[in-house]
Amino acid sequence: MKTEAKILLGLGTFFGLMCAVYWNWSLENAGGVMMFCGMLLCFIPGSYYWWWSRHMKPRTEDDPNATQAEGAGFIATFPGTSIWPFTLGMGAFFVVLALVFGIWFLVPGLFLVVWALFGGTAEGRRGGQH
Amino acid sequence: MTDLLDPPVQLPPADEVVHGHDHDEHHGPTGILKWLTPTDHKIIGLSYTVTSVIMLIIGGIFAEIIRAQLATPNGTLVSLAQYNELFTMHGSVMIYLFAGPFAFGALANIMVPIQIGAPDMAYPRLNALSYWLYLTGAITMLSGFFTAGGAANFGWVAYAPLSNSVNTPGTGADLWIGGLLLTGFSAIFTGVNLCATIFYLRAPGMTMFRMPIFTWNMLVTAILILLAFPVLTAGLIMLYCDRHFGTHIFSVQGGGVPVLWQHIFWFWGHPEVYILALPFFGMATEILAVFSRKPVFGYKGMVFATLTIAALSLGVWAHHMFTTGVVLLPFFSIMSLLIAVPTGIKIFNWIGTMWRGEIWFSTAMLMAIGFVVTFLIGGLTGIYLASPPLDFFTHDTYFVVAHFHSVVMALVLAAMGGLYYWGPKITGYMLNERIGKLQFWFLFIGTQVFTFPQYALGLDGMPRRIAVYPHDPQWKWLNDWSTFGAILIGISTIFFIVNVAVSWKKYPAGDNPWDAQTLEWFTTSPPPHHNFYRLPPIRSERPTWDYNHPEHRSVAHGAEHAVVHESEPAS
């Protein structure tokens, strides 16, 4: 987990330096703000990973000498097939069409989005089954 | 540490490794439901592959119409208004709907989990949602052609104030914005998914510095997606508010700043160039190593070059805006020129990978070599453009068009290489090599014939985005050659379609047809649900090679005391 943290913290540090040089030199705000936010976007997860890497149990994927047998067993729960991503996608589609063709597209759009939210949540509670 | 000699550990079937709620998965839904409800990254990735290749063909047809129009100075094939729609949608389809989704939605989606030994992407349902947002975004954007005003026609960059409601009133422009919102969210979700998968689902022993270069590049791409795409989405919402809600963010009349759109757009747009390029760099690296029968030359240098490109990519956006006169020229020039250093490292490493290797000139290898050559041309002309005086001279001319078409055609070559290389793994069947080589030569020669005249035209002052041009014999001659090149590229695409049809389920591939190196070639072709029945010991960045060739194992990365090359003399 340390390498992952170092990548993000390293990128964030570079963005911070670049932001300082650019903002002071150009006095142009749009780019300065965007680079500053880029720095934060690296620092926030990066510092969390750093903190977590010091508190978590060592992982087999970070151990260069780990054998496959050490990592066997439970990995994660993965959902089976699900219709809800499709429902949510179609809902988002209609919501975007409402931006173009008229507000009434929000009716089917929001209906599908809300339906997918309830359906997907219920499916997740049942353990990722249909 | 001699477990390299041990047989791989037999894992129980994947469903039992995973908390077993999906025992019915092997007999999952069939027919249309299989494609509507998948959460398996391989099925979603296949949907992405097919959709994005269709987008490549649609964008290619637009390109052929554009080149046919330009074959004569006063072409009358399309009207001036239609021409504007065509070049806008050609760029939009190729950038937003082909190159990006093909890289991180199609091949990365399928290959990254398998390359690191994961059972699936970290968020399978989010992955499915990404695909549906991409598909509906593509439909939204392209449906502009069926509206009364036609599709968006302000160029793929939608510069303010051309893109405001006065200058571009139609619904086509709104559909373009809406489609881009959807595909933008699709990209962001895929970026989240790739990061989480690579950080949390690697197999035991698969340390970060043993991941294949393709996976490394996809990780960096995913980080760049997360940095860049939200900026574009925010910009699009601002643009929509300007068009419909009477805000004045990008209009001078209300106190706004039109050039702010360019800042926002290119702050996304230049990292986007690397979001497009890095996945294809990764594909080419894999292919060059496998078909040279060597490990990647300078593995760590390659990784750090990729990270350096990512670091610099956030500080180069305004080199697209040199001629606006309001950007800090030296800063952006220096940063853009610096990008040449990590890219140069990559070029040397690719050559080093092939150097004294046993090169197997398969179609995939030819495509990868074609990529290196074409990308070098595009990259070097990019260095000229990073210099403000040269950019002032060539800005918005065909020189710029030729530069980025060299770059993106190199990416298309690598993409085709990726399809020939990984196609057998994804489908279980090989593509025909003879037709493939024919496709390569048409594509490679076509690309050069297509771009070289455009460099000359650009230096001669021909502006981009014009449907008619002055009667100048030399311009006509050069444009004719460029059109001829475009026809060759079109023929190469037809060869690809023919190849898919001819080889359909004809040449079974076996698990490891190329004697390849990385983990995806250890499983079956196509991989089973949840990807692996068993895993080899992972002691270097090429575990499958180590397992298949115990006498030529790689020097391990990271494990100082692990077994190294057997024949190495003791020191």
# chains A, B, ... in the order shown; residues from 1 in each chain; ligands from 1

$ interface_residues --of "chain A" --to "chain B" --cutoff "7 Å" --atoms "only C-alpha atoms" --output "ChimeraX atom specification"
/A:3-4,11,14-15,26,30-31,38,60-69,71-77,80-83,85-86,89,93,96,100,129

$ select_by_dssp --residues "segment 167-369 of chain B" --states "alpha helix (DSSP H)" --output "ChimeraX atom specification"
/B:171-200,213-244,258-291,299-313,329-354,363-369

$ write_last_selection --atoms "C-alpha atoms" --output "short mmCIF file (atom, residue, chain, number, x, y, z; two decimals), in the first residue's frame"
data_model
loop_
_atom_site.label_atom_id
_atom_site.label_comp_id
_atom_site.auth_asym_id
_atom_site.auth_seq_id
_atom_site.Cartn_x
_atom_site.Cartn_y
_atom_site.Cartn_z
CA THR B 171 -30.37 21.43 -30.67
CA GLY B 172 -27.37 19.65 -32.21
CA ALA B 173 -25.06 21.66 -29.97
CA ASP B 174 -27.11 20.82 -26.87
CA LEU B 175 -27.08 17.15 -27.80
CA TRP B 176 -23.30 17.40 -28.13
CA ILE B 177 -23.07 18.87 -24.62
CA GLY B 178 -25.45 16.25 -23.22
CA GLY B 179 -23.64 13.38 -24.90
CA LEU B 180 -20.36 14.63 -23.54
CA LEU B 181 -21.76 14.88 -20.02
CA LEU B 182 -22.79 11.23 -20.19
CA THR B 183 -19.52 9.95 -21.67
CA GLY B 184 -17.60 12.15 -19.22
CA PHE B 185 -19.26 10.48 -16.25
CA SER B 186 -18.69 7.13 -17.90
CA ALA B 187 -14.96 7.88 -18.09
CA ILE B 188 -14.82 9.08 -14.47
CA PHE B 189 -16.50 5.90 -13.23
CA THR B 190 -14.10 3.76 -15.25
CA GLY B 191 -11.20 5.72 -13.77
CA VAL B 192 -12.45 5.07 -10.23
CA ASN B 193 -12.89 1.41 -11.06
CA LEU B 194 -9.42 0.98 -12.53
CA CYS B 195 -7.72 2.71 -9.59
CA ALA B 196 -9.61 0.63 -7.02
CA THR B 197 -8.98 -2.60 -8.94
CA ILE B 198 -5.25 -2.00 -9.28
CA PHE B 199 -4.83 -0.82 -5.68
CA TYR B 200 -6.89 -3.51 -3.98
CA ILE B 213 3.52 -1.94 -18.15
CA PHE B 214 0.03 -1.87 -19.67
CA THR B 215 -1.51 -2.04 -16.20
CA TRP B 216 0.87 0.66 -14.96
CA ASN B 217 -0.10 2.90 -17.83
CA MET B 218 -3.78 2.25 -17.18
CA LEU B 219 -3.31 3.21 -13.52
CA VAL B 220 -1.70 6.50 -14.51
CA THR B 221 -4.39 7.00 -17.15
CA ALA B 222 -7.07 6.43 -14.51
CA ILE B 223 -5.48 9.01 -12.19
CA LEU B 224 -5.35 11.48 -15.08
CA ILE B 225 -9.01 10.78 -15.88
CA LEU B 226 -9.91 11.61 -12.28
CA LEU B 227 -7.89 14.83 -12.46
CA ALA B 228 -9.09 16.00 -15.85
CA PHE B 229 -12.62 14.84 -16.63
CA PRO B 230 -14.43 16.60 -13.76
CA VAL B 231 -13.03 19.88 -15.10
CA LEU B 232 -14.60 19.23 -18.49
CA THR B 233 -17.92 18.25 -16.93
CA ALA B 234 -17.94 21.47 -14.90
CA GLY B 235 -17.07 23.47 -18.02
CA LEU B 236 -19.90 21.85 -19.98
CA ILE B 237 -22.40 22.72 -17.25
CA MET B 238 -21.17 26.33 -17.35
CA LEU B 239 -21.50 26.33 -21.14
CA TYR B 240 -25.04 24.96 -20.87
CA CYS B 241 -25.95 27.64 -18.30
CA ASP B 242 -24.56 30.31 -20.64
CA ARG B 243 -26.64 28.94 -23.49
CA HIS B 244 -29.94 28.52 -21.65
CA PRO B 258 -14.42 33.83 -23.25
CA VAL B 259 -10.85 32.62 -22.89
CA LEU B 260 -11.85 30.95 -19.60
CA TRP B 261 -13.55 28.27 -21.71
CA GLN B 262 -10.25 27.60 -23.44
CA HIS B 263 -8.48 27.33 -20.08
CA ILE B 264 -11.09 24.88 -18.78
CA PHE B 265 -11.34 22.93 -21.99
CA TRP B 266 -7.59 22.49 -22.42
CA PHE B 267 -7.00 21.83 -18.74
CA TRP B 268 -9.02 18.74 -19.52
CA GLY B 269 -7.91 18.53 -23.15
CA HIS B 270 -4.19 18.16 -22.74
CA PRO B 271 -4.24 15.53 -20.00
CA GLU B 272 -6.82 13.92 -22.30
CA VAL B 273 -4.11 13.62 -24.96
CA TYR B 274 -2.12 11.50 -22.49
CA ILE B 275 -5.27 9.68 -21.37
CA LEU B 276 -5.56 8.66 -25.02
CA ALA B 277 -1.88 7.98 -25.59
CA LEU B 278 -0.71 6.16 -22.44
CA PRO B 279 -2.93 3.06 -22.84
CA PHE B 280 -1.64 2.60 -26.37
CA PHE B 281 1.95 3.10 -25.17
CA GLY B 282 1.25 0.26 -22.78
CA MET B 283 -0.17 -2.00 -25.49
CA ALA B 284 2.82 -1.36 -27.73
CA THR B 285 5.23 -2.07 -24.86
CA GLU B 286 3.60 -5.43 -24.16
CA ILE B 287 3.57 -6.40 -27.82
CA LEU B 288 7.19 -5.35 -28.46
CA ALA B 289 8.43 -7.33 -25.45
CA VAL B 290 6.47 -10.48 -26.27
CA PHE B 291 7.39 -10.61 -29.94
CA TYR B 299 11.00 -1.55 -16.79
CA LYS B 300 11.38 0.95 -13.98
CA GLY B 301 12.46 3.69 -16.36
CA MET B 302 9.29 3.02 -18.32
CA VAL B 303 7.15 3.33 -15.17
CA PHE B 304 8.83 6.54 -14.06
CA ALA B 305 8.59 7.98 -17.56
CA THR B 306 4.85 7.34 -17.46
CA LEU B 307 4.55 8.98 -14.04
CA THR B 308 6.60 11.95 -15.26
CA ILE B 309 4.31 12.38 -18.24
CA ALA B 310 1.36 12.39 -15.83
CA ALA B 311 3.04 14.93 -13.57
CA LEU B 312 3.88 17.29 -16.43
CA SER B 313 0.55 16.84 -18.18
CA LEU B 329 4.50 31.63 -22.96
CA PRO B 330 7.81 30.60 -21.32
CA PHE B 331 6.17 28.45 -18.63
CA PHE B 332 4.05 26.46 -21.04
CA SER B 333 6.81 26.21 -23.60
CA ILE B 334 9.28 24.82 -21.05
CA MET B 335 6.76 22.35 -19.64
CA SER B 336 5.72 21.15 -23.10
CA LEU B 337 9.31 20.69 -24.19
CA LEU B 338 10.04 18.75 -21.00
CA ILE B 339 7.39 16.18 -21.99
CA ALA B 340 9.76 15.15 -24.76
CA VAL B 341 12.17 13.74 -22.16
CA PRO B 342 10.00 10.93 -20.70
CA THR B 343 8.55 10.27 -24.15
CA GLY B 344 12.08 9.99 -25.51
CA ILE B 345 12.93 7.54 -22.72
CA LYS B 346 10.00 5.44 -23.85
CA ILE B 347 11.11 5.48 -27.49
CA PHE B 348 14.63 4.39 -26.50
CA ASN B 349 13.23 1.69 -24.24
CA TRP B 350 11.07 0.36 -27.07
CA ILE B 351 14.13 0.18 -29.29
CA GLY B 352 16.09 -1.38 -26.42
CA THR B 353 13.36 -3.98 -25.98
CA MET B 354 13.67 -5.03 -29.61
CA THR B 363 0.72 -8.60 -37.38
CA ALA B 364 0.61 -7.30 -33.81
CA MET B 365 4.39 -6.72 -33.84
CA LEU B 366 4.24 -4.93 -37.20
CA MET B 367 1.48 -2.70 -35.85
CA ALA B 368 3.55 -1.93 -32.74
CA ILE B 369 6.66 -1.07 -34.78
#

$ residues_around --residues "Phe145 of chain B" --least-positions-apart "5" --cutoff "9 Å" --atoms "only C-alpha atoms" --output "PyMOL selection string"
chain B and resi 85+150-152+172

$ residues_around --residues "segment 499-509 of chain B" --least-positions-apart "3" --cutoff "8 Å" --atoms "only C-alpha atoms" --output "ChimeraX atom specification"
/B:424-425,428-432,435-436,495-496,512-513,525

$ write_last_selection --atoms "C-alpha atoms" --output "PDB file, in the first residue's frame"
ATOM      1  CA  PRO B 424      -7.238 -14.498 -29.198  1.00  0.00           C
ATOM      2  CA  LYS B 425      -7.364 -14.152 -25.403  1.00  0.00           C
ATOM      3  CA  GLY B 428     -10.487 -17.756 -28.025  1.00  0.00           C
ATOM      4  CA  TYR B 429      -9.842 -17.454 -31.760  1.00  0.00           C
ATOM      5  CA  MET B 430      -6.969 -15.996 -33.780  1.00  0.00           C
ATOM      6  CA  LEU B 431      -7.326 -13.493 -36.591  1.00  0.00           C
ATOM      7  CA  ASN B 432      -5.914 -14.293 -40.014  1.00  0.00           C
ATOM      8  CA  ILE B 435      -5.006 -10.360 -44.099  1.00  0.00           C
ATOM      9  CA  GLY B 436      -3.653  -8.731 -40.955  1.00  0.00           C
ATOM     10  CA  PHE B 495      -9.444  -5.484 -44.506  1.00  0.00           C
ATOM     11  CA  PHE B 496      -9.964  -5.583 -40.745  1.00  0.00           C
ATOM     12  CA  ASN B 512      -0.914 -18.896 -24.911  1.00  0.00           C
ATOM     13  CA  PRO B 513      -0.512 -18.663 -28.691  1.00  0.00           C
ATOM     14  CA  SER B 525      -8.892 -18.330 -23.774  1.00  0.00           C
TER      15      SER B 525
END

$ residues_around --residues "segment 112-128 of chain A" --least-positions-apart "3" --cutoff "6 Å" --atoms "only C-alpha atoms" --output "VMD selection string"
chain A and resid 79 84 87 to 88 91 109

$ closest_residue --among "B:Ile43, B:Gly31, B:Thr147, B:Phe245" --to "Phe101 of chain A" --atoms "only C-alpha atoms"
B:Thr147

$ atom_distance --atom1 "atom CA of Phe78 of chain A" --atom2 "atom CA of Val112 of chain B"
16.8 Å

$ atom_distance --atom1 "atom CA of Phe94 of chain A" --atom2 "atom CA of Leu86 of chain B"
25.8 Å

$ atom_distance --atom1 "atom CA of Tyr159 of chain B" --atom2 "atom CA of Phe250 of chain B"
9.5 Å
